[in-house]
>>> print(open('entry12.tsv').read())   # TSV, C-alpha atoms (C1' of nucleotides)
chain	number	residue	atom	x	y	z
X	1	MET	CA	21.32	14.11	17.62
X	2	GLN	CA	23.73	17.02	18.03
X	3	ARG	CA	26.44	15.29	19.99
X	4	LYS	CA	29.96	16.54	20.12
X	5	LEU	CA	32.23	14.51	17.93
X	6	LYS	CA	35.27	12.88	19.44
X	7	THR	CA	37.02	11.57	16.34
X	8	ALA	CA	36.52	11.79	12.61
X	9	ASP	CA	35.45	8.19	12.66
X	10	ALA	CA	32.84	8.65	15.31
X	11	SER	CA	31.53	11.64	13.45
X	12	GLU	CA	31.31	9.62	10.28
X	13	SER	CA	29.48	6.82	12.01
X	14	GLU	CA	27.11	9.20	13.71
X	15	ARG	CA	26.43	10.93	10.47
X	16	LEU	CA	25.66	7.65	8.79
X	17	GLN	CA	23.23	6.79	11.53
X	18	ALA	CA	21.58	10.17	11.27
X	19	ASP	CA	21.40	9.92	7.51
X	20	ALA	CA	19.88	6.48	7.76
X	21	GLU	CA	17.25	7.70	10.19
X	22	ALA	CA	16.40	10.63	7.97
X	23	LEU	CA	16.27	8.51	4.87
X	24	ASN	CA	14.10	5.95	6.57
X	25	ALA	CA	11.60	8.53	7.72
X	26	VAL	CA	11.48	10.21	4.36
X	27	LEU	CA	11.14	6.97	2.47
X	28	ALA	CA	8.30	5.85	4.70
X	29	ASP	CA	6.52	9.07	3.87
X	30	LEU	CA	7.21	8.72	0.20
X	31	VAL	CA	5.97	5.17	0.05
X	32	ARG	CA	2.80	6.02	1.91
X	33	VAL	CA	2.00	9.06	-0.16
X	34	TYR	CA	2.75	7.33	-3.41
X	35	GLN	CA	0.41	4.52	-2.57
X	36	PHE	CA	-2.35	7.05	-2.25
X	37	ARG	CA	-1.23	9.01	-5.25
X	38	ASP	CA	-1.29	5.88	-7.36
X	39	ARG	CA	-4.65	4.83	-6.08
X	40	ASP	CA	-6.00	8.28	-6.66
X	41	ARG	CA	-4.78	8.57	-10.20
X	42	ILE	CA	-5.51	5.04	-11.23
X	43	CYS	CA	-8.97	4.84	-9.74
X	44	CYS	CA	-10.07	7.41	-12.29
X	45	PHE	CA	-9.81	4.63	-14.79
X	46	ASP	CA	-11.53	1.36	-14.28
X	47	ILE	CA	-8.71	-0.62	-12.77
X	48	SER	CA	-7.12	-1.02	-9.37
X	49	VAL	CA	-3.52	-0.27	-8.51
X	50	THR	CA	-2.55	-3.91	-8.52
X	51	GLN	CA	-4.21	-4.40	-11.86
X	52	CYS	CA	-2.22	-1.47	-13.15
X	53	TYR	CA	1.01	-3.01	-11.91
X	54	ALA	CA	0.14	-6.17	-13.79
X	55	LEU	CA	-0.54	-4.16	-16.89
X	56	GLU	CA	2.79	-2.45	-16.45
X	57	ALA	CA	4.65	-5.72	-16.12
X	58	LEU	CA	3.03	-7.07	-19.27
X	59	ALA	CA	3.61	-3.83	-21.14
X	60	GLU	CA	7.27	-3.54	-20.17
X	61	HIS	CA	8.33	-7.16	-20.23
X	62	GLY	CA	6.09	-8.62	-22.89
X	63	PRO	CA	3.93	-11.74	-22.68
X	64	MET	CA	4.59	-14.00	-19.75
X	65	ARG	CA	3.02	-16.82	-17.83
X	66	SER	CA	0.92	-16.39	-14.76
X	67	GLN	CA	3.69	-17.72	-12.59
X	68	ALA	CA	6.22	-15.23	-13.89
X	69	LEU	CA	3.81	-12.39	-13.38
X	70	ALA	CA	3.19	-13.50	-9.80
X	71	ALA	CA	6.93	-13.53	-9.14
X	72	GLN	CA	7.30	-10.11	-10.72
X	73	MET	CA	4.56	-8.62	-8.58
X	74	LEU	CA	5.51	-10.46	-5.40
X	75	LEU	CA	1.99	-11.80	-5.18
X	76	ASP	CA	0.51	-15.22	-4.59
X	77	LYS	CA	-0.39	-17.11	-7.73
X	78	SER	CA	-4.03	-17.24	-6.74
X	79	THR	CA	-4.15	-13.50	-6.36
X	80	THR	CA	-2.48	-13.16	-9.71
X	81	THR	CA	-5.12	-15.38	-11.28
X	82	ARG	CA	-7.80	-13.06	-9.97
X	83	VAL	CA	-6.02	-9.93	-11.07
X	84	ILE	CA	-5.82	-11.38	-14.55
X	85	ASP	CA	-9.47	-12.43	-14.37
X	86	ALA	CA	-10.42	-8.82	-13.83
X	87	LEU	CA	-8.17	-7.49	-16.56
X	88	GLU	CA	-9.37	-10.09	-19.02
X	89	ARG	CA	-12.99	-9.32	-18.25
X	90	LYS	CA	-12.28	-5.69	-19.04
X	91	GLY	CA	-10.45	-6.59	-22.21
X	92	TYR	CA	-7.01	-5.33	-21.24
X	93	VAL	CA	-5.26	-8.67	-21.14
X	94	GLU	CA	-5.79	-11.91	-22.95
X	95	ARG	CA	-5.06	-15.46	-21.95
X	96	ARG	CA	-3.93	-17.83	-24.62
X	97	PRO	CA	-2.66	-21.36	-24.30
X	98	ASP	CA	1.08	-21.58	-24.00
X	99	ASP	CA	2.75	-23.26	-26.95
X	100	GLN	CA	5.25	-25.20	-24.92
X	101	ASP	CA	3.14	-26.22	-21.97
X	102	ALA	CA	-0.55	-26.97	-22.00
X	103	ARG	CA	-0.88	-26.30	-18.29
X	104	ALA	CA	0.38	-22.78	-18.61
X	105	VAL	CA	-1.29	-19.72	-20.02
X	106	SER	CA	0.45	-17.01	-21.94
X	107	LEU	CA	-0.66	-13.61	-20.77
X	108	ARG	CA	-0.40	-10.68	-23.07
X	109	ILE	CA	-1.60	-7.16	-22.95
X	110	THR	CA	-4.18	-6.20	-25.57
X	111	ARG	CA	-4.09	-3.12	-27.72
X	112	SER	CA	-6.71	-1.58	-25.49
X	113	GLY	CA	-4.70	-2.52	-22.42
X	114	ARG	CA	-1.58	-0.91	-23.74
X	115	SER	CA	-3.46	2.19	-24.62
X	116	LEU	CA	-4.85	2.42	-21.09
X	117	TYR	CA	-1.45	1.84	-19.58
X	118	ASP	CA	0.09	4.51	-21.78
X	119	THR	CA	-2.54	6.99	-20.76
X	120	ILE	CA	-2.07	6.35	-17.07
X	121	ASN	CA	1.69	6.33	-17.36
X	122	ARG	CA	1.82	9.57	-19.29
X	123	GLY	CA	0.09	11.30	-16.41
X	124	LEU	CA	2.45	9.88	-13.84
X	125	VAL	CA	5.52	10.70	-15.90
X	126	ALA	CA	4.34	14.24	-16.44
X	127	GLN	CA	4.06	14.66	-12.69
X	128	GLN	CA	7.61	13.44	-12.21
X	129	ALA	CA	8.88	15.71	-14.96
X	130	GLU	CA	7.33	18.67	-13.22
X	131	MET	CA	9.16	17.87	-10.04
X	132	LEU	CA	12.41	17.03	-11.75
X	133	ALA	CA	12.39	20.28	-13.64
X	134	GLU	CA	13.13	22.10	-10.42
X	135	LEU	CA	16.19	20.06	-9.65
X	136	ASP	CA	19.78	20.59	-10.56
X	137	PRO	CA	20.56	18.40	-13.59
X	138	ALA	CA	23.50	16.76	-11.86
X	139	VAL	CA	21.38	15.82	-8.88
X	140	ARG	CA	18.64	14.61	-11.20
X	141	ALA	CA	20.89	12.06	-12.74
X	142	SER	CA	22.00	10.60	-9.46
X	143	VAL	CA	18.55	10.53	-7.93
X	144	THR	CA	17.20	7.94	-10.27
X	145	ASP	CA	20.35	5.95	-9.92
X	146	VAL	CA	20.28	5.99	-6.15
X	147	ILE	CA	16.61	5.17	-5.93
X	148	ARG	CA	17.16	2.29	-8.27
X	149	ARG	CA	19.87	1.01	-5.98
X	150	LEU	CA	17.67	1.35	-2.94
X	151	ALA	CA	14.92	-0.56	-4.67
X	152	LYS	CA	17.29	-3.24	-5.88
X	153	ALA	CA	18.86	-3.64	-2.47
X	154	ALA	CA	15.51	-3.89	-0.77
X	155	GLU	CA	14.24	-6.30	-3.39
X	156	ALA	CA	17.27	-8.53	-3.15
X	157	ARG	CA	16.92	-8.61	0.58
X	158	PHE	CA	13.26	-9.32	0.38
X	159	VAL	CA	13.16	-11.82	-2.44
X	160	SER	CA	15.94	-13.91	-0.99
X	161	GLY	CA	13.67	-14.49	1.96
X	162	ILE	CA	10.61	-15.74	0.18
X	163	SER	CA	12.23	-17.44	-2.80
X	164	VAL	CA	9.84	-20.28	-3.58
X	165	GLY	CA	7.35	-20.00	-0.80
X	166	SER	CA	4.79	-17.69	-2.35
X	167	GLY	CA	3.48	-14.98	-0.04
X	168	ALA	CA	4.94	-12.67	2.51
X	169	SER	CA	3.47	-14.04	5.68
X	170	ALA	CA	6.28	-16.57	5.82
X	171	CYS	CA	7.99	-14.35	8.28
X	172	SER	CA	10.40	-16.92	9.53
X	173	THR	CA	11.83	-17.46	6.08
X	174	SER	CA	12.64	-13.80	5.57
X	175	GLY	CA	15.57	-12.11	7.13
X	176	CYS	CA	13.42	-10.68	9.84
X	177	SER	CA	15.27	-10.01	13.01
E	1	MET	CA	14.69	6.91	-26.75
E	2	GLN	CA	17.94	7.49	-28.60
E	3	ARG	CA	16.84	10.19	-30.94
E	4	LYS	CA	19.22	12.61	-32.54
E	5	LEU	CA	19.15	16.00	-30.90
E	6	LYS	CA	18.46	19.09	-32.96
E	7	THR	CA	19.13	21.88	-30.49
E	8	ALA	CA	20.39	22.17	-26.94
E	9	ASP	CA	16.85	22.96	-25.86
E	10	ALA	CA	15.33	19.95	-27.48
E	11	SER	CA	18.04	17.83	-25.99
E	12	GLU	CA	17.34	19.24	-22.57
E	13	SER	CA	13.64	18.65	-22.92
E	14	GLU	CA	14.16	15.14	-24.16
E	15	ARG	CA	16.51	14.41	-21.35
E	16	LEU	CA	13.99	15.65	-18.84
E	17	GLN	CA	11.37	13.42	-20.34
E	18	ALA	CA	13.71	10.45	-20.26
E	19	ASP	CA	14.72	11.19	-16.70
E	20	ALA	CA	11.10	11.47	-15.68
E	21	GLU	CA	10.28	8.14	-17.26
E	22	ALA	CA	13.21	6.50	-15.58
E	23	LEU	CA	12.40	8.03	-12.24
E	24	ASN	CA	8.80	7.03	-12.51
E	25	ALA	CA	9.63	3.43	-13.25
E	26	VAL	CA	12.18	3.22	-10.50
E	27	LEU	CA	9.92	4.87	-7.96
E	28	ALA	CA	7.10	2.50	-8.78
E	29	ASP	CA	9.43	-0.37	-8.11
E	30	LEU	CA	10.67	1.15	-4.92
E	31	VAL	CA	7.21	1.80	-3.58
E	32	ARG	CA	6.05	-1.69	-4.38
E	33	VAL	CA	9.05	-3.40	-2.86
E	34	TYR	CA	8.95	-1.26	0.24
E	35	GLN	CA	5.33	-2.08	0.84
E	36	PHE	CA	6.32	-5.71	0.98
E	37	ARG	CA	9.43	-5.06	2.96
E	38	ASP	CA	7.43	-3.18	5.56
E	39	ARG	CA	4.80	-5.83	5.74
E	40	ASP	CA	7.43	-8.47	6.02
E	41	ARG	CA	9.35	-6.81	8.79
E	42	ILE	CA	6.39	-5.54	10.74
E	43	CYS	CA	4.36	-8.71	10.60
E	44	CYS	CA	6.99	-10.31	12.79
E	45	PHE	CA	5.58	-8.26	15.57
E	46	ASP	CA	1.92	-8.28	16.42
E	47	ILE	CA	0.80	-5.24	14.47
E	48	SER	CA	-0.08	-4.46	10.88
E	49	VAL	CA	1.65	-1.92	8.68
E	50	THR	CA	-1.11	0.63	9.12
E	51	GLN	CA	-1.00	0.17	12.86
E	52	CYS	CA	2.72	0.77	12.73
E	53	TYR	CA	2.22	4.00	10.80
E	54	ALA	CA	-0.19	5.14	13.48
E	55	LEU	CA	2.36	4.28	16.14
E	56	GLU	CA	4.94	6.23	14.20
E	57	ALA	CA	2.74	9.28	13.94
E	58	LEU	CA	2.06	9.24	17.66
E	59	ALA	CA	5.69	8.60	18.47
E	60	GLU	CA	7.00	11.39	16.25
E	61	HIS	CA	4.34	14.02	16.68
E	62	GLY	CA	3.17	13.37	20.21
E	63	PRO	CA	-0.42	12.97	21.42
E	64	MET	CA	-3.12	13.96	19.01
E	65	ARG	CA	-6.80	13.51	18.40
E	66	SER	CA	-8.31	10.83	16.27
E	67	GLN	CA	-9.16	13.36	13.64
E	68	ALA	CA	-5.60	14.63	13.36
E	69	LEU	CA	-4.27	11.12	13.13
E	70	ALA	CA	-6.71	10.33	10.35
E	71	ALA	CA	-5.51	13.38	8.44
E	72	GLN	CA	-1.91	12.46	9.01
E	73	MET	CA	-2.44	8.95	7.70
E	74	LEU	CA	-4.76	9.94	4.87
E	75	LEU	CA	-7.35	7.53	6.20
E	76	ASP	CA	-11.04	7.70	6.89
E	77	LYS	CA	-11.94	8.50	10.49
E	78	SER	CA	-13.76	5.21	10.89
E	79	THR	CA	-10.72	3.28	9.76
E	80	THR	CA	-8.64	5.30	12.16
E	81	THR	CA	-10.98	4.41	15.01
E	82	ARG	CA	-10.46	0.73	14.26
E	83	VAL	CA	-6.73	1.06	13.96
E	84	ILE	CA	-6.69	2.67	17.38
E	85	ASP	CA	-9.03	0.00	18.72
E	86	ALA	CA	-6.50	-2.62	17.77
E	87	LEU	CA	-3.56	-0.73	19.20
E	88	GLU	CA	-5.39	0.00	22.42
E	89	ARG	CA	-6.38	-3.64	22.82
E	90	LYS	CA	-2.73	-4.56	22.51
E	91	GLY	CA	-1.70	-1.87	24.95
E	92	TYR	CA	0.37	0.27	22.58
E	93	VAL	CA	-1.86	3.33	22.61
E	94	GLU	CA	-4.20	4.80	25.15
E	95	ARG	CA	-7.30	6.90	24.72
E	96	ARG	CA	-7.95	9.56	27.27
E	97	PRO	CA	-10.61	12.28	27.31
E	98	ASP	CA	-9.45	15.50	25.77
E	99	ASP	CA	-9.19	18.38	28.22
E	100	GLN	CA	-10.62	20.98	25.90
E	101	ASP	CA	-13.35	18.99	24.22
E	102	ALA	CA	-15.35	16.19	25.77
E	103	ARG	CA	-16.25	14.76	22.38
E	104	ALA	CA	-12.67	14.29	21.42
E	105	VAL	CA	-10.16	11.71	22.57
E	106	SER	CA	-6.51	12.33	23.11
E	107	LEU	CA	-4.44	9.51	21.70
E	108	ARG	CA	-1.05	8.85	23.10
E	109	ILE	CA	1.47	6.11	22.66
E	110	THR	CA	2.20	4.05	25.75
E	111	ARG	CA	5.63	3.13	27.01
E	112	SER	CA	5.15	-0.33	25.58
E	113	GLY	CA	4.06	1.16	22.26
E	114	ARG	CA	7.10	3.36	22.04
E	115	SER	CA	9.32	0.46	22.85
E	116	LEU	CA	7.76	-1.60	20.07
E	117	TYR	CA	8.05	1.25	17.62
E	118	ASP	CA	11.69	1.78	18.52
E	119	THR	CA	12.45	-1.87	18.00
E	120	ILE	CA	10.80	-1.97	14.60
E	121	ASN	CA	12.35	1.29	13.57
E	122	ARG	CA	15.83	0.28	14.62
E	123	GLY	CA	15.65	-2.64	12.24
E	124	LEU	CA	14.50	-0.51	9.36
E	125	VAL	CA	17.10	2.16	10.00
E	126	ALA	CA	19.86	-0.43	10.21
E	127	GLN	CA	18.83	-1.66	6.78
E	128	GLN	CA	19.02	1.84	5.38
E	129	ALA	CA	22.38	2.43	6.98
E	130	GLU	CA	23.73	-0.65	5.30
E	131	MET	CA	22.67	0.61	1.93
E	132	LEU	CA	23.81	4.15	2.56
E	133	ALA	CA	27.22	2.98	3.64
E	134	GLU	CA	27.98	2.06	0.05
E	135	LEU	CA	27.17	5.48	-1.29
E	136	ASP	CA	29.31	8.52	-1.80
E	137	PRO	CA	28.74	10.87	1.15
E	138	ALA	CA	27.90	13.79	-1.10
E	139	VAL	CA	25.27	11.76	-2.89
E	140	ARG	CA	23.97	10.47	0.42
E	141	ALA	CA	23.16	13.94	1.60
E	142	SER	CA	21.25	14.86	-1.51
E	143	VAL	CA	19.31	11.63	-1.71
E	144	THR	CA	17.36	12.22	1.45
E	145	ASP	CA	16.77	15.78	0.46
E	146	VAL	CA	15.49	14.88	-2.98
E	147	ILE	CA	13.29	12.10	-1.73
E	148	ARG	CA	11.85	14.45	0.81
E	149	ARG	CA	11.02	16.88	-1.96
E	150	LEU	CA	9.41	14.21	-4.05
E	151	ALA	CA	7.30	13.12	-1.10
E	152	LYS	CA	6.34	16.67	-0.26
E	153	ALA	CA	5.44	17.48	-3.82
E	154	ALA	CA	3.33	14.38	-4.17
E	155	GLU	CA	1.68	15.01	-0.85
E	156	ALA	CA	0.89	18.61	-1.63
E	157	ARG	CA	-0.61	17.58	-4.91
E	158	PHE	CA	-2.59	14.85	-3.31
E	159	VAL	CA	-3.79	16.55	-0.17
E	160	SER	CA	-4.97	19.62	-2.00
E	161	GLY	CA	-7.39	17.36	-3.79
E	162	ILE	CA	-9.04	15.74	-0.83
E	163	SER	CA	-8.82	18.52	1.76
E	164	VAL	CA	-11.82	17.93	3.97
E	165	GLY	CA	-13.52	15.09	2.20
E	166	SER	CA	-12.06	12.10	4.02
E	167	GLY	CA	-10.96	9.23	1.84
E	168	ALA	CA	-9.32	8.83	-1.50
E	169	SER	CA	-12.15	7.59	-3.62
E	170	ALA	CA	-13.17	11.16	-4.24
E	171	CYS	CA	-11.55	11.00	-7.61
E	172	SER	CA	-13.24	13.99	-9.05
E	173	THR	CA	-11.93	16.24	-6.32
E	174	SER	CA	-8.31	15.36	-6.91
E	175	GLY	CA	-6.29	16.74	-9.73
E	176	CYS	CA	-6.81	13.68	-11.80
E	177	SER	CA	-6.66	14.20	-15.48
S	1	DC	C1'	-31.51	29.97	28.39
S	2	DC	C1'	-32.97	26.92	24.74
S	3	DC	C1'	-32.91	24.88	20.29
S	4	DA	C1'	-30.81	24.13	15.71
S	5	DT	C1'	-26.61	23.20	13.59
S	6	DT	C1'	-22.08	21.56	13.43
S	7	DT	C1'	-18.38	18.61	14.92
S	8	DA	C1'	-15.86	14.26	16.99
S	9	DG	C1'	-15.90	9.79	17.24
S	10	DT	C1'	-18.10	5.09	16.93
S	11	DT	C1'	-20.65	1.32	14.78
S	12	DG	C1'	-23.09	-1.36	10.94
S	13	DC	C1'	-22.56	-2.74	6.63
S	14	DT	C1'	-20.40	-3.79	2.35
S	15	DA	C1'	-16.78	-4.38	-1.03
S	16	DC	C1'	-12.28	-5.51	-2.22
S	17	DT	C1'	-7.86	-7.65	-1.74
S	18	DT	C1'	-5.06	-11.24	-0.43
S	19	DG	C1'	-3.15	-15.76	1.07
S	20	DC	C1'	-3.46	-20.69	2.15
S	21	DA	C1'	-5.23	-25.16	1.07
S	22	DA	C1'	-7.33	-28.23	-2.00
S	23	DT	C1'	-8.11	-29.47	-6.74
S	24	DA	C1'	-7.66	-30.47	-11.88
S	25	DA	C1'	-4.82	-30.82	-15.77
S	26	DT	C1'	-0.40	-31.65	-17.63
S	27	DC	C1'	4.52	-32.57	-17.92
S	28	DG	C1'	8.68	-35.49	-17.49
S	29	DG	C1'	11.47	-39.04	-16.05
S	30	DT	C1'	11.73	-43.99	-15.18
Q	1	DA	C1'	2.21	-46.30	-18.59
Q	2	DC	C1'	2.87	-44.54	-14.01
Q	3	DC	C1'	4.15	-41.28	-10.35
Q	4	DG	C1'	5.88	-37.16	-8.47
Q	5	DA	C1'	6.30	-32.35	-9.67
Q	6	DT	C1'	4.46	-28.28	-11.67
Q	7	DT	C1'	0.73	-24.76	-13.62
Q	8	DA	C1'	-3.22	-22.63	-12.91
Q	9	DT	C1'	-7.85	-22.21	-10.77
Q	10	DT	C1'	-11.28	-22.31	-7.12
Q	11	DG	C1'	-13.09	-22.43	-2.11
Q	12	DC	C1'	-12.66	-20.24	1.89
Q	13	DA	C1'	-11.40	-17.07	5.52
Q	14	DA	C1'	-9.16	-12.91	7.34
Q	15	DG	C1'	-7.82	-8.26	7.07
Q	16	DT	C1'	-8.56	-3.54	5.49
Q	17	DA	C1'	-11.00	0.20	4.00
Q	18	DG	C1'	-14.86	3.60	3.11
Q	19	DC	C1'	-19.62	5.34	3.36
Q	20	DA	C1'	-23.64	6.17	5.86
Q	21	DA	C1'	-26.11	6.30	10.04
Q	22	DC	C1'	-25.80	7.24	14.69
Q	23	DT	C1'	-24.59	9.27	19.55
Q	24	DA	C1'	-22.74	12.74	22.31
Q	25	DA	C1'	-20.99	17.17	22.88
Q	26	DA	C1'	-19.99	21.92	21.55
Q	27	DT	C1'	-21.33	26.23	19.31
Q	28	DG	C1'	-24.14	30.02	17.79
Q	29	DG	C1'	-28.51	32.62	17.13
Q	30	DG	C1'	-32.74	34.12	18.97
>>> encode(input="entry12.tsv", output="structure tokens")
Amino acid sequence: MQRKLKTADASESERLQADAEALNAVLADLVRVYQFRDRDRICCFDISVTQCYALEALAEHGPMRSQALAAQMLLDKSTTTRVIDALERKGYVERRPDDQDARAVSLRITRSGRSLYDTINRGLVAQQAEMLAELDPAVRASVTDVIRRLAKAAEARFVSGISVGSGASACSTSGCS
Amino acid sequence: MQRKLKTADASESERLQADAEALNAVLADLVRVYQFRDRDRICCFDISVTQCYALEALAEHGPMRSQALAAQMLLDKSTTTRVIDALERKGYVERRPDDQDARAVSLRITRSGRSLYDTINRGLVAQQAEMLAELDPAVRASVTDVIRRLAKAAEARFVSGISVGSGASACSTSGCS
DNA sequence: CCCATTTAGTTGCTACTTGCAATAATCGGT
DNA sequence: ACCGATTATTGCAAGTAGCAACTAAATGGG
């Protein structure tokens, strides 16, 4: 780690490598902890994390078809069907026949669903606000931006791999060294 | 969102709220995508994501007992046992009797396990380096730091809730509104 | 020194989540 | 009107996780 630097270039390259290692470790932690945090917060209500993601997608992007929701959530269409089944049973989402296409269903969040989503989201946002409050405003602004870029980059890299072929087990199709 | 600001204070508070919402949305995305990215990259090898986390913990923190590993991974001890079972079967981890306590096992990563972990990690780090390369060096430094703080804050909040009581379904014990 | 209690890890069982394959209904072009 | 493609659902199987019950070992009080 603490090697003597020969040239400015080598130093730069080494620093990048070190930064990447640090970022990777920290991100792994963050992702793991957030999975648990989400599960912990969401399980207090009567839906699972995946169901909450679906609710979020429908709340933020408006009504969509099952297929679009599956793509949004990076899930198989069959899994999506079942997620919707659960949400419909609980009255948070409704299926209605699509106007254009009789095969398709139009999924939309119900009033009750939106209310639940808002409640859950308020709690999560409040937590973030608490943490952000301690940060320098200038840093705050860039954080969101950078994280967005990380997410976008990772998504682009990931989605390009699966494209049409549903799930994620299609390892060969993804850019997996 | 775009409300007129009355005072500097109100503006500040509103901005915090907006930042928190943005951060929350972006983080949710990031976490979701990274889950898939990890699964996608790791599944190319013969271990699952959870198994890889266990390998990471043993690689980074050295030998530990099953109990400590469970705490580290926020998993139930029974789940941890099975994760180790799988890794031991594949030759990436070995159980040996603990010197101090005959009930306990000392888990340590094998040479082959470390080699696998290094391979997987190299790929992930390379991906991060690619993304970091595009960023301003000053921003780069703060990103890791901020993400670390977010992870720590979330972890502190989360862990305080479960403390001794194993899993995460103990909703009442966690600070869950 | 012995027994009750606690602790470390394992196993049985169950529930949930997810993906793949097969299926039914429908669309669209020829 | 027919045939291939597309939309969603269902059957099935595998993986993952937690709780509870259990075994073995340590610890503490009498």
>>> interface_residues(input="entry12.tsv", of="chain S", to="chain E", cutoff="8 Å", atoms="all atoms listed in the file", output="list in words")
DA8, DG9 and DT10 of chain S
>>> atom_distance(input="entry12.tsv", atom1="atom CA of X:Thr110", atom2="atom CA of X:Pro97")
15.3 Å
>>> closest_residue(input="entry12.tsv", among="Q:DT7, Q:DA25, Q:DA13, Q:DC19", to="chain X", atoms="all atoms listed in the file")
Q:DT7
>>> closest_atom_pairs(input="entry12.tsv", of="chain Q", to="chain X", cutoff="12 Å", atoms="only C-alpha atoms (C1' of nucleotides)", output="Markdown table")
| residue | atom | partner | partner_atom | distance |
| --- | --- | --- | --- | --- |
| Q:DT6 | C1' | X:Arg103 | CA | 8.7 |
| Q:DT7 | C1' | X:Arg103 | CA | 5.2 |
| Q:DA8 | C1' | X:Ala104 | CA | 6.7 |
| Q:DT9 | C1' | X:Thr81 | CA | 7.4 |
| Q:DT10 | C1' | X:Ser78 | CA | 8.9 |
| Q:DG11 | C1' | X:Ser78 | CA | 11.4 |
>>> residues_around(input="entry12.tsv", residues="X:Ala141", least_positions_apart="4", cutoff="12 Å", atoms="only C-alpha atoms (C1' of nucleotides)", output="ChimeraX atom specification")
/X:132-133,135-137,145-148 /E:15-16,18-20,22-23,139,142-143,146
>>> closest_residue(input="entry12.tsv", among="X:Val33, X:Lys90, X:Glu21, X:Ala28", to="E:Asp118", atoms="only C-alpha atoms")
X:Glu21
>>> closest_residue(input="entry12.tsv", among="X:Ile120, X:Val26, X:Val83, X:Leu55", to="X:Arg41", atoms="all atoms listed in the file")
X:Ile120
>>> atom_distance(input="entry12.tsv", atom1="atom CA of X:Ser106", atom2="atom CA of X:Leu58")
10.6 Å
>>> atom_distance(input="entry12.tsv", atom1="atom CA of E:Ala138", atom2="atom CA of X:Ala25")
19.3 Å
>>> residues_around(input="entry12.tsv", residues="Q:DG15", least_positions_apart="5", cutoff="10 Å", atoms="all atoms listed in the file", output="ChimeraX atom specification")
/E:48 /S:17-18
>>> closest_residue(input="entry12.tsv", among="E:Asp98, E:Tyr92, E:Leu74, E:Val31", to="E:Ser115", atoms="only C-alpha atoms")
E:Tyr92
>>> residues_around(input="entry12.tsv", residues="S:DG28", least_positions_apart="2", cutoff="12 Å", atoms="all atoms listed in the file", output="VMD selection string")
(chain X and resid 101) or (chain S and resid 26 30) or (chain Q and resid 2 to 6)
